[in-house]
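Student: The following file, entry-v3.tsv, comprises TSV, C-alpha atoms and all ligand atoms:
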```tsv
chain	number	residue	atom	x	y	z
A	19	MET	CA	163.36	-30.97	1.98
A	20	ILE	CA	159.92	-32.42	2.15
A	21	VAL	CA	158.31	-34.49	-0.54
A	22	PRO	CA	154.82	-35.17	0.75
A	23	SER	CA	153.53	-38.61	-0.04
A	24	PRO	CA	151.29	-38.49	-3.06
A	25	LEU	CA	147.85	-37.04	-2.51
A	26	SER	CA	148.22	-36.72	1.28
A	27	LYS	CA	146.70	-33.51	2.64
A	28	VAL	CA	149.28	-30.73	3.00
A	29	HIS	CA	149.01	-28.12	5.76
A	30	LEU	CA	151.62	-25.46	5.15
A	31	LYS	CA	151.60	-24.25	8.73
A	32	ASN	CA	153.30	-27.54	9.58
A	33	PHE	CA	156.21	-26.71	7.30
A	34	ASP	CA	158.91	-24.49	8.77
A	35	ALA	CA	160.14	-22.01	6.16
A	36	ASN	CA	163.19	-21.45	8.37
A	37	ALA	CA	164.27	-25.09	8.43
A	38	LYS	CA	167.89	-25.83	7.57
A	39	GLY	CA	168.18	-29.55	8.08
A	40	ASP	CA	171.33	-30.67	9.86
A	41	ILE	CA	173.85	-29.30	7.39
A	42	LYS	CA	176.11	-26.31	8.05
A	43	ARG	CA	176.00	-23.39	5.66
A	44	GLU	CA	179.59	-23.79	4.47
A	45	ASP	CA	179.09	-27.49	3.82
A	46	ALA	CA	175.90	-26.82	1.89
A	47	GLU	CA	177.64	-24.20	-0.24
A	48	ALA	CA	180.54	-26.54	-0.98
A	49	ALA	CA	178.09	-29.31	-1.86
A	50	VAL	CA	176.25	-27.02	-4.29
A	51	LYS	CA	179.53	-26.36	-6.14
A	52	GLU	CA	180.28	-30.05	-6.45
A	53	LEU	CA	176.76	-30.92	-7.47
A	54	ARG	CA	176.87	-28.25	-10.14
A	55	ASP	CA	179.86	-29.97	-11.76
A	56	GLU	CA	177.97	-33.22	-11.74
A	57	LEU	CA	174.89	-31.47	-13.14
A	58	LYS	CA	176.99	-30.16	-16.05
A	59	THR	CA	177.98	-33.69	-17.01
A	60	LEU	CA	174.47	-35.04	-16.55
A	61	GLN	CA	173.10	-32.27	-18.74
A	62	GLU	CA	175.64	-33.04	-21.47
A	63	LYS	CA	174.51	-36.64	-21.42
A	64	LEU	CA	170.87	-35.60	-21.59
A	65	TYR	CA	171.59	-33.26	-24.50
A	66	SER	CA	173.86	-35.54	-26.49
A	67	SER	CA	171.68	-38.62	-26.21
A	68	GLY	CA	168.52	-36.64	-27.01
A	69	GLU	CA	166.14	-39.26	-25.68
A	70	LYS	CA	164.57	-37.71	-22.60
A	71	SER	CA	163.87	-34.30	-21.17
A	72	LEU	CA	163.58	-32.67	-17.77
A	73	LEU	CA	161.03	-30.09	-16.69
A	74	LEU	CA	161.61	-28.00	-13.56
A	75	VAL	CA	158.64	-26.00	-12.30
A	76	PHE	CA	159.16	-23.16	-9.81
A	77	GLN	CA	156.36	-21.57	-7.84
A	78	ALA	CA	156.49	-19.25	-4.84
A	79	MET	CA	154.94	-16.16	-3.34
A	80	ASP	CA	156.44	-12.86	-4.52
A	81	ALA	CA	160.06	-12.51	-3.34
A	82	GLY	CA	160.12	-16.24	-2.70
A	83	GLY	CA	163.35	-16.58	-4.69
A	84	LYS	CA	162.31	-18.15	-8.00
A	85	ASP	CA	164.63	-16.03	-10.13
A	86	SER	CA	167.66	-16.36	-7.92
A	87	THR	CA	167.24	-20.10	-7.45
A	88	ILE	CA	167.08	-20.58	-11.21
A	89	LYS	CA	170.15	-18.41	-11.66
A	90	LYS	CA	172.09	-20.16	-8.92
A	91	VAL	CA	171.24	-23.73	-9.82
A	92	LEU	CA	171.62	-23.43	-13.58
A	93	SER	CA	174.65	-21.16	-13.79
A	94	GLY	CA	177.45	-22.85	-15.64
A	95	ILE	CA	175.16	-25.23	-17.50
A	96	ASN	CA	175.49	-25.19	-21.29
A	97	PRO	CA	172.83	-22.57	-22.19
A	98	GLN	CA	172.17	-24.31	-25.49
A	99	GLY	CA	170.45	-27.17	-23.70
A	100	VAL	CA	168.30	-25.13	-21.33
A	101	HIS	CA	165.13	-23.20	-21.99
A	102	VAL	CA	163.60	-20.93	-19.33
A	103	ALA	CA	159.99	-19.80	-19.74
A	104	SER	CA	158.53	-17.10	-17.44
A	105	PHE	CA	154.78	-16.96	-17.37
A	106	LYS	CA	153.11	-13.60	-16.89
A	107	ALA	CA	149.45	-12.65	-17.04
A	108	PRO	CA	148.14	-14.22	-20.27
A	109	SER	CA	147.71	-12.19	-23.45
A	110	LYS	CA	144.40	-11.85	-25.26
A	111	GLU	CA	145.47	-14.54	-27.70
A	112	GLU	CA	146.45	-16.89	-24.87
A	113	LEU	CA	143.15	-16.28	-23.10
A	114	ASP	CA	141.35	-17.23	-26.29
A	115	HIS	CA	142.75	-20.76	-25.91
A	116	ASP	CA	142.59	-23.35	-23.16
A	117	PHE	CA	144.88	-22.51	-20.21
A	118	LEU	CA	147.44	-25.19	-21.11
A	119	TRP	CA	147.91	-24.02	-24.70
A	120	ARG	CA	150.67	-21.53	-23.94
A	121	ILE	CA	152.26	-23.91	-21.47
A	122	HIS	CA	152.47	-26.82	-23.89
A	123	GLN	CA	154.42	-24.68	-26.36
A	124	GLU	CA	157.19	-24.22	-23.78
A	125	VAL	CA	157.71	-27.80	-22.60
A	126	PRO	CA	161.23	-29.12	-23.22
A	127	ALA	CA	161.99	-31.10	-26.35
A	128	LYS	CA	164.01	-34.31	-26.02
A	129	GLY	CA	167.52	-33.53	-24.85
A	130	TYR	CA	166.53	-30.32	-23.09
A	131	ILE	CA	166.04	-29.00	-19.60
A	132	GLY	CA	162.95	-26.78	-19.47
A	133	VAL	CA	162.49	-24.39	-16.57
A	134	PHE	CA	159.16	-22.79	-15.71
A	135	ASN	CA	159.35	-19.57	-13.71
A	136	ARG	CA	155.67	-19.65	-12.69
A	137	SER	CA	153.59	-22.06	-14.65
A	138	HIS	CA	150.17	-23.54	-15.32
A	139	TYR	CA	149.74	-23.54	-11.52
A	140	GLU	CA	149.02	-19.81	-11.68
A	141	ASP	CA	145.74	-20.89	-13.25
A	142	VAL	CA	144.67	-22.36	-9.91
A	143	LEU	CA	146.51	-19.78	-7.74
A	144	VAL	CA	146.16	-16.13	-8.78
A	145	VAL	CA	143.21	-17.07	-10.96
A	146	ARG	CA	141.45	-18.70	-8.03
A	147	VAL	CA	142.34	-16.09	-5.42
A	148	ASP	CA	141.33	-13.17	-7.66
A	149	ASN	CA	138.25	-14.92	-9.07
A	150	LEU	CA	139.45	-14.45	-12.63
A	151	VAL	CA	137.28	-17.32	-13.83
A	152	PRO	CA	134.21	-18.97	-12.24
A	153	VAL	CA	134.81	-21.63	-9.57
A	154	SER	CA	133.33	-24.26	-11.86
A	155	VAL	CA	136.13	-23.56	-14.33
A	156	TRP	CA	139.19	-23.61	-12.02
A	157	ARG	CA	137.83	-26.60	-10.04
A	158	GLU	CA	138.31	-28.83	-13.07
A	159	ARG	CA	141.86	-27.70	-13.62
A	160	TYR	CA	143.54	-29.92	-11.02
A	161	ASP	CA	142.50	-32.94	-13.06
A	162	HIS	CA	143.46	-31.24	-16.30
A	163	ILE	CA	146.90	-30.50	-14.87
A	164	ASN	CA	147.43	-34.04	-13.62
A	165	ASN	CA	146.43	-35.46	-16.98
A	166	PHE	CA	148.65	-33.00	-18.83
A	167	GLU	CA	151.66	-33.84	-16.66
A	168	LYS	CA	150.98	-37.56	-17.17
A	169	LEU	CA	151.06	-37.00	-20.90
A	170	LEU	CA	154.44	-35.28	-20.62
A	171	TYR	CA	155.76	-38.00	-18.34
A	172	ASP	CA	154.60	-40.74	-20.69
A	173	SER	CA	156.36	-38.90	-23.49
A	174	GLY	CA	159.76	-39.07	-21.76
A	175	THR	CA	159.74	-35.89	-19.66
A	176	ARG	CA	160.82	-36.14	-16.05
A	177	ILE	CA	158.98	-33.47	-14.02
A	178	LEU	CA	160.10	-31.91	-10.75
A	179	LYS	CA	158.06	-29.17	-9.11
A	180	PHE	CA	159.42	-26.85	-6.43
A	181	TYR	CA	157.36	-24.71	-4.10
A	182	LEU	CA	159.79	-22.28	-2.45
A	183	HIS	CA	158.26	-21.77	0.96
A	184	ILE	CA	158.95	-18.44	2.68
A	185	ASP	CA	156.92	-17.02	5.54
A	186	ARG	CA	155.21	-13.66	5.75
A	187	ASP	CA	157.94	-12.04	7.85
A	188	GLU	CA	160.60	-13.06	5.37
A	189	GLN	CA	158.58	-11.62	2.52
A	190	LYS	CA	158.31	-8.32	4.38
A	191	GLU	CA	162.08	-8.17	4.82
A	192	ARG	CA	162.72	-8.95	1.18
A	193	PHE	CA	160.22	-6.31	-0.01
A	194	GLN	CA	161.89	-3.81	2.30
A	195	ASP	CA	165.29	-4.68	0.79
A	196	ARG	CA	163.90	-4.03	-2.65
A	197	LEU	CA	162.79	-0.59	-1.50
A	198	ASP	CA	166.04	0.21	0.30
A	199	GLU	CA	168.54	-0.87	-2.32
A	200	PRO	CA	168.54	1.10	-5.57
A	201	ASP	CA	169.81	-1.93	-7.52
A	202	LYS	CA	166.75	-3.86	-6.41
A	203	HIS	CA	164.12	-1.20	-7.09
A	204	TRP	CA	163.27	-2.84	-10.40
A	205	LYS	CA	162.12	-5.93	-8.55
A	206	PHE	CA	159.57	-4.05	-6.51
A	207	ASP	CA	156.07	-4.14	-7.86
A	208	ILE	CA	153.40	-2.22	-5.99
A	209	LYS	CA	150.90	-4.91	-7.03
A	210	ASP	CA	152.81	-7.40	-4.88
A	211	LEU	CA	151.50	-5.60	-1.79
A	212	ALA	CA	147.93	-6.43	-2.75
A	213	LYS	CA	148.92	-10.08	-3.07
A	214	ARG	CA	150.58	-9.92	0.34
A	215	GLU	CA	147.21	-8.89	1.75
A	216	GLN	CA	145.78	-12.10	0.31
A	217	TRP	CA	148.43	-14.27	1.97
A	218	ASP	CA	146.01	-16.66	3.67
A	219	ALA	CA	143.96	-17.20	0.53
A	220	TYR	CA	147.18	-17.98	-1.34
A	221	MET	CA	148.30	-20.46	1.30
A	222	GLN	CA	144.96	-22.22	0.99
A	223	ALA	CA	145.26	-22.30	-2.80
A	224	TYR	CA	148.83	-23.63	-2.54
A	225	GLU	CA	147.74	-26.31	-0.11
A	226	GLU	CA	145.22	-27.58	-2.60
A	227	VAL	CA	147.81	-27.61	-5.36
A	228	LEU	CA	150.36	-29.41	-3.18
A	229	THR	CA	147.74	-31.95	-2.17
A	230	ARG	CA	145.89	-32.62	-5.40
A	231	CYS	CA	148.68	-32.30	-7.94
A	232	ASN	CA	151.38	-34.16	-6.04
A	233	THR	CA	151.65	-37.34	-8.07
A	234	GLU	CA	154.21	-40.14	-8.40
A	235	TYR	CA	155.02	-38.98	-11.90
A	236	ALA	CA	155.26	-35.26	-11.08
A	237	PRO	CA	156.04	-34.75	-7.39
A	238	TRP	CA	156.04	-31.46	-5.53
A	239	HIS	CA	159.01	-30.53	-3.34
A	240	ILE	CA	158.23	-28.15	-0.51
A	241	VAL	CA	161.48	-26.27	-0.05
A	242	PRO	CA	162.16	-24.31	3.16
A	243	ALA	CA	163.27	-21.08	1.50
A	244	ASN	CA	163.80	-18.41	4.14
A	245	ARG	CA	167.51	-19.26	4.05
A	246	LYS	CA	168.77	-18.90	0.53
A	247	TRP	CA	171.79	-21.18	0.96
A	248	TYR	CA	169.62	-24.01	2.25
A	249	ARG	CA	167.05	-23.50	-0.48
A	250	ASN	CA	169.76	-23.71	-3.16
A	251	TYR	CA	171.20	-26.82	-1.61
A	252	VAL	CA	167.83	-28.54	-1.44
A	253	VAL	CA	166.85	-27.73	-5.01
A	254	MET	CA	170.25	-28.64	-6.43
A	255	THR	CA	170.26	-31.96	-4.58
A	256	ALA	CA	166.79	-32.87	-5.81
A	257	ILE	CA	167.67	-32.09	-9.43
A	258	VAL	CA	170.94	-34.02	-9.40
A	259	ASN	CA	169.31	-36.99	-7.67
A	260	ALA	CA	166.54	-37.07	-10.24
A	261	MET	CA	168.98	-36.88	-13.12
A	262	ARG	CA	171.19	-39.63	-11.68
A	263	ASP	CA	168.07	-41.69	-11.63
A	264	MET	CA	167.30	-41.03	-15.30
A	265	ASP	CA	170.04	-43.41	-16.37
A	266	LEU	CA	171.64	-40.99	-18.84
A	267	HIS	CA	174.53	-42.00	-21.10
A	268	PHE	CA	176.59	-40.42	-23.81
A	269	PRO	CA	175.52	-41.85	-27.17
A	270	GLU	CA	177.43	-44.81	-28.63
A	271	ALA	CA	180.38	-43.78	-30.75
A	272	GLN	CA	179.88	-44.23	-34.49
A	273	ALA	CA	181.60	-47.34	-35.80
A	274	GLY	CA	185.03	-46.94	-37.32
A	275	LEU	CA	186.20	-43.81	-35.47
A	276	ASP	CA	189.46	-45.59	-34.63
A	277	ASN	CA	190.53	-45.75	-38.26
A	278	ILE	CA	189.92	-42.14	-39.12
A	279	VAL	CA	192.94	-40.04	-39.97
A	280	ILE	CA	192.37	-36.32	-40.08
A	281	PRO	CA	193.91	-35.03	-43.34
A	282	ASP	CA	196.57	-32.27	-43.09
B	301	LIG	P1	156.55	-11.69	-12.15
B	301	LIG	O1	156.77	-13.14	-11.93
B	301	LIG	O2	156.95	-10.83	-10.99
B	301	LIG	O3	157.13	-11.22	-13.44
B	301	LIG	O4	154.97	-11.44	-12.27
B	301	LIG	C1	154.20	-12.10	-13.19
B	301	LIG	C2	152.75	-11.89	-12.84
B	301	LIG	O5	151.95	-12.59	-13.78
B	301	LIG	C3	152.38	-12.41	-11.47
B	301	LIG	O6	151.69	-11.43	-10.76
B	301	LIG	C4	151.49	-13.59	-11.77
B	301	LIG	O7	150.53	-13.83	-10.79
B	301	LIG	C5	150.89	-13.20	-13.10
B	301	LIG	N1	150.40	-14.38	-13.82
B	301	LIG	C6	151.11	-15.44	-14.25
B	301	LIG	N2	150.29	-16.35	-14.82
B	301	LIG	C7	149.03	-15.86	-14.73
B	301	LIG	C8	147.77	-16.34	-15.14
B	301	LIG	N3	147.62	-17.51	-15.74
B	301	LIG	N4	146.69	-15.55	-14.91
B	301	LIG	C9	146.84	-14.35	-14.31
B	301	LIG	N5	148.01	-13.85	-13.91
B	301	LIG	C10	149.10	-14.58	-14.10
B	302	MG	MG	157.26	-9.73	-9.38
```
Once you've parsed the file, please lay out its structure as structure tokens.

Tutor:
Amino acid sequence: MIVPSPLSKVHLKNFDANAKGDIKREDAEAAVKELRDELKTLQEKLYSSGEKSLLLVFQAMDAGGKDSTIKKVLSGINPQGVHVASFKAPSKEELDHDFLWRIHQEVPAKGYIGVFNRSHYEDVLVVRVDNLVPVSVWRERYDHINNFEKLLYDSGTRILKFYLHIDRDEQKERFQDRLDEPDKHWKFDIKDLAKREQWDAYMQAYEEVLTRCNTEYAPWHIVPANRKWYRNYVVMTAIVNAMRDMDLHFPEAQAGLDNIVIPD
């Protein structure tokens, strides 16, 4: 996995979407299982102590694996403590507010893990590539985003952002799979082909995001994502490492528990 140093210029062509580190597939899969058990305990501590929260942001090109990564990494976690928000094209009401309004409503409360499947970054990705607002409007948003994330961080939210990096050939294969397999037809969206045409413009927009919004308090992780097993391993490792670092504990027992006798 690559965590670029804060605010250094990112060139995505230097990042191999096929990378698989030096771990073997079976070892990575075994590690994911073990890490998931640890994640369960960490999440219970987060939930029971109710002092901090964790926000996981997932961005990728279409078919990049956002849904399956979320499913894989969070399966087995107590659903009561997790909230997943998927951001689609904004409604009329949402458009009548500032772009962070709908996002702020979905950030995790203390004790919770919040997961963003797409996010406020769409407001400098699709919005920029499709010219949905004037340049003068989206230009300011990188600063708005950094300030917003700082506010969350200062309020006790740990933020991890994942860009699942697939290449164009891999996307073609995954689209083809969606067409070939009846169970995957529902995932195919004809509009995704138009976005595929805009690949280079998206890469440029992502590079700016990964450069300008990669801060100490809310780092981006560029995840090689052509190989699903490696992608899962990388994301799981980053989440568990971050949570280990959050210094989570079960709350202190109430005084006097030792003397309690449960009546018949
Ligand atoms: P999906 O993730 O496949 O359900 O698709 C959701 C769609 O909503 C994608 O095409 C996104 O680009 C689009 N979307 C998400 N956020 C925004 C936004 N702020 N402005 C415009 N389109 C958006
Ligand atoms: Mg889609």

Student: Kindly provide, as a PyMOL selection string, all nucleotide and amino acid residues lying within 6 Å of ligand LIG 301 (chain B), counting only C-alpha atoms and all ligand atoms.

Tutor: chain A and resi 105-108+140-141+144-145

Student: Give me, as a ChimeraX atom specification, all polymer residues having an atom no more than 12 Å from A:Val28, counting only C-alpha atoms and skipping those fewer than 3 positions away in the same chain.

Tutor: /A:20-25,31-33,221-232,238-240

Student: Mind writing the picked residues with C-alpha atoms as a compact mmCIF listing (two decimals), in the frame of the given file?

Tutor:
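Output below, filename again12.txt:
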```txt
# COMPACT_ATOMS: atom_id res chain seq x y z
CA ILE A 20 159.92 -32.42 2.15
CA VAL A 21 158.31 -34.49 -0.54
CA PRO A 22 154.82 -35.17 0.75
CA SER A 23 153.53 -38.61 -0.04
CA PRO A 24 151.29 -38.49 -3.06
CA LEU A 25 147.85 -37.04 -2.51
CA LYS A 31 151.60 -24.25 8.73
CA ASN A 32 153.30 -27.54 9.58
CA PHE A 33 156.21 -26.71 7.30
CA MET A 221 148.30 -20.46 1.30
CA GLN A 222 144.96 -22.22 0.99
CA ALA A 223 145.26 -22.30 -2.80
CA TYR A 224 148.83 -23.63 -2.54
CA GLU A 225 147.74 -26.31 -0.11
CA GLU A 226 145.22 -27.58 -2.60
CA VAL A 227 147.81 -27.61 -5.36
CA LEU A 228 150.36 -29.41 -3.18
CA THR A 229 147.74 -31.95 -2.17
CA ARG A 230 145.89 -32.62 -5.40
CA CYS A 231 148.68 -32.30 -7.94
CA ASN A 232 151.38 -34.16 -6.04
CA TRP A 238 156.04 -31.46 -5.53
CA HIS A 239 159.01 -30.53 -3.34
CA ILE A 240 158.23 -28.15 -0.51
```

Student: Hey, which of A:Gly68, A:Gly94, A:Gly82, A:Gly39 ends up closest to ligand MG 302 (chain B)? Count all atoms listed in the file.

Tutor: A:Gly82

Student: Compile the contact shell of A:Gln189 as a PyMOL selection string: residues with an atom at most 8 Å away, counting only C-alpha atoms, same-chain residues fewer than 4 positions apart removed.

Tutor: chain A and resi 80-82+184-185+193

Student: By how many Å are atom CA of A:Lys179 and atom CA of A:Trp119 apart?

Tutor: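 Computing it gives 19.3 Å between the two atoms.
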
Student: Using all atoms listed in the file, which protein or nucleic acid residues come within 9 Å of stretch 163-178 of chain A? Drop anything in the same chain fewer than 5 positions from it, and give the result as JSON, numbers by chain.

Tutor: {"A": [69, 70, 71, 72, 73, 74, 75, 76, 118, 122, 125, 126, 127, 128, 138, 139, 158, 230, 231, 232, 233, 235, 236, 237, 238, 239, 256, 257, 260, 261, 264]}

Student: What's the separation between atom CA of A:His29 and atom CA of A:Gln216, in Å to one decimal place?

Tutor: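 Distance reported for this atom pair: 17.2 Å.
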
Student: Near stretch 48-53 of chain A, within 8 Å and counting only C-alpha atoms, which residues show up once chain neighbours fewer than 4 positions away are dropped, as an MDAnalysis selection string?

Tutor: chainID A and resid 44 57 250:251 254:255 258

Student: Using only C-alpha atoms and all ligand atoms, which protein or nucleic acid residues are at most 12 Å from ligand MG 302 (chain B), as a PyMOL selection string?

Tutor: chain A and resi 77-85+104-107+135-136+192-193+196+202-214

Student: Those residues with C-alpha atoms, as an mmCIF file, in the frame of the given file please?

Tutor:
```
data_model
loop_
_atom_site.group_PDB
_atom_site.id
_atom_site.type_symbol
_atom_site.label_atom_id
_atom_site.label_comp_id
_atom_site.auth_asym_id
_atom_site.auth_seq_id
_atom_site.Cartn_x
_atom_site.Cartn_y
_atom_site.Cartn_z
ATOM 1 C CA GLN A 77 156.360 -21.570 -7.840
ATOM 2 C CA ALA A 78 156.490 -19.250 -4.840
ATOM 3 C CA MET A 79 154.940 -16.160 -3.340
ATOM 4 C CA ASP A 80 156.440 -12.860 -4.520
ATOM 5 C CA ALA A 81 160.060 -12.510 -3.340
ATOM 6 C CA GLY A 82 160.120 -16.240 -2.700
ATOM 7 C CA GLY A 83 163.350 -16.580 -4.690
ATOM 8 C CA LYS A 84 162.310 -18.150 -8.000
ATOM 9 C CA ASP A 85 164.630 -16.030 -10.130
ATOM 10 C CA SER A 104 158.530 -17.100 -17.440
ATOM 11 C CA PHE A 105 154.780 -16.960 -17.370
ATOM 12 C CA LYS A 106 153.110 -13.600 -16.890
ATOM 13 C CA ALA A 107 149.450 -12.650 -17.040
ATOM 14 C CA ASN A 135 159.350 -19.570 -13.710
ATOM 15 C CA ARG A 136 155.670 -19.650 -12.690
ATOM 16 C CA ARG A 192 162.720 -8.950 1.180
ATOM 17 C CA PHE A 193 160.220 -6.310 -0.010
ATOM 18 C CA ARG A 196 163.900 -4.030 -2.650
ATOM 19 C CA LYS A 202 166.750 -3.860 -6.410
ATOM 20 C CA HIS A 203 164.120 -1.200 -7.090
ATOM 21 C CA TRP A 204 163.270 -2.840 -10.400
ATOM 22 C CA LYS A 205 162.120 -5.930 -8.550
ATOM 23 C CA PHE A 206 159.570 -4.050 -6.510
ATOM 24 C CA ASP A 207 156.070 -4.140 -7.860
ATOM 25 C CA ILE A 208 153.400 -2.220 -5.990
ATOM 26 C CA LYS A 209 150.900 -4.910 -7.030
ATOM 27 C CA ASP A 210 152.810 -7.400 -4.880
ATOM 28 C CA LEU A 211 151.500 -5.600 -1.790
ATOM 29 C CA ALA A 212 147.930 -6.430 -2.750
ATOM 30 C CA LYS A 213 148.920 -10.080 -3.070
ATOM 31 C CA ARG A 214 150.580 -9.920 0.340
#
```

Student: Using only C-alpha atoms, which residue out of A:Leu113, A:Ala37, A:Ile280, A:Lys27 lies closest to A:Leu150?

Tutor: A:Leu113

Student: Would you mind reading off the distance between atom CA of A:Thr87 and atom CA of A:Arg245, one decimal, in Å?

Tutor: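 Atom CA of A:Arg245 lies 11.5 Å from atom CA of A:Thr87.
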
Student: Env of A:Asp265: 10 Å cut, atoms = all atoms listed in the file, seq-sep filter 6 positions within chain, self excluded. Answer as a list in words.

Tutor: Leu60, Lys63 and Leu64 of chain A

Student: Just C-alpha atoms for this one: save the residues we selected as a PDB file, in the frame of the given file.

Tutor:
```pdb
ATOM      1  CA  LEU A  60     174.470 -35.040 -16.550  1.00  0.00           C
ATOM      2  CA  LYS A  63     174.510 -36.640 -21.420  1.00  0.00           C
ATOM      3  CA  LEU A  64     170.870 -35.600 -21.590  1.00  0.00           C
TER       4      LEU A  64
END
```

Student: Under the rule that all atoms listed in the file are counted, which of A:Tyr160, A:Asp218, A:Gly132, A:Ser109 is the nearest residue to A:Val147?

Tutor: A:Asp218

Student: Would you compute, for all listed atoms of stretch 163-173 of chain A, the axis-aligned bounding box grown by 8 Å on each side, and then report its centre and edge lengths in Å rounded to one decimal, as JSON?

Tutor:
```
{"center_x": 151.4, "center_y": -35.6, "center_z": -18.6, "size_x": 25.9, "size_y": 26.2, "size_z": 25.9}
```

Student: Using all atoms listed in the file, can you tell me which of A:Leu92, A:Ala46, A:Ala35, A:Leu197 comes closest to A:Leu182?

Tutor: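 Closest residue, counting all atoms listed in the file: A:Ala35.
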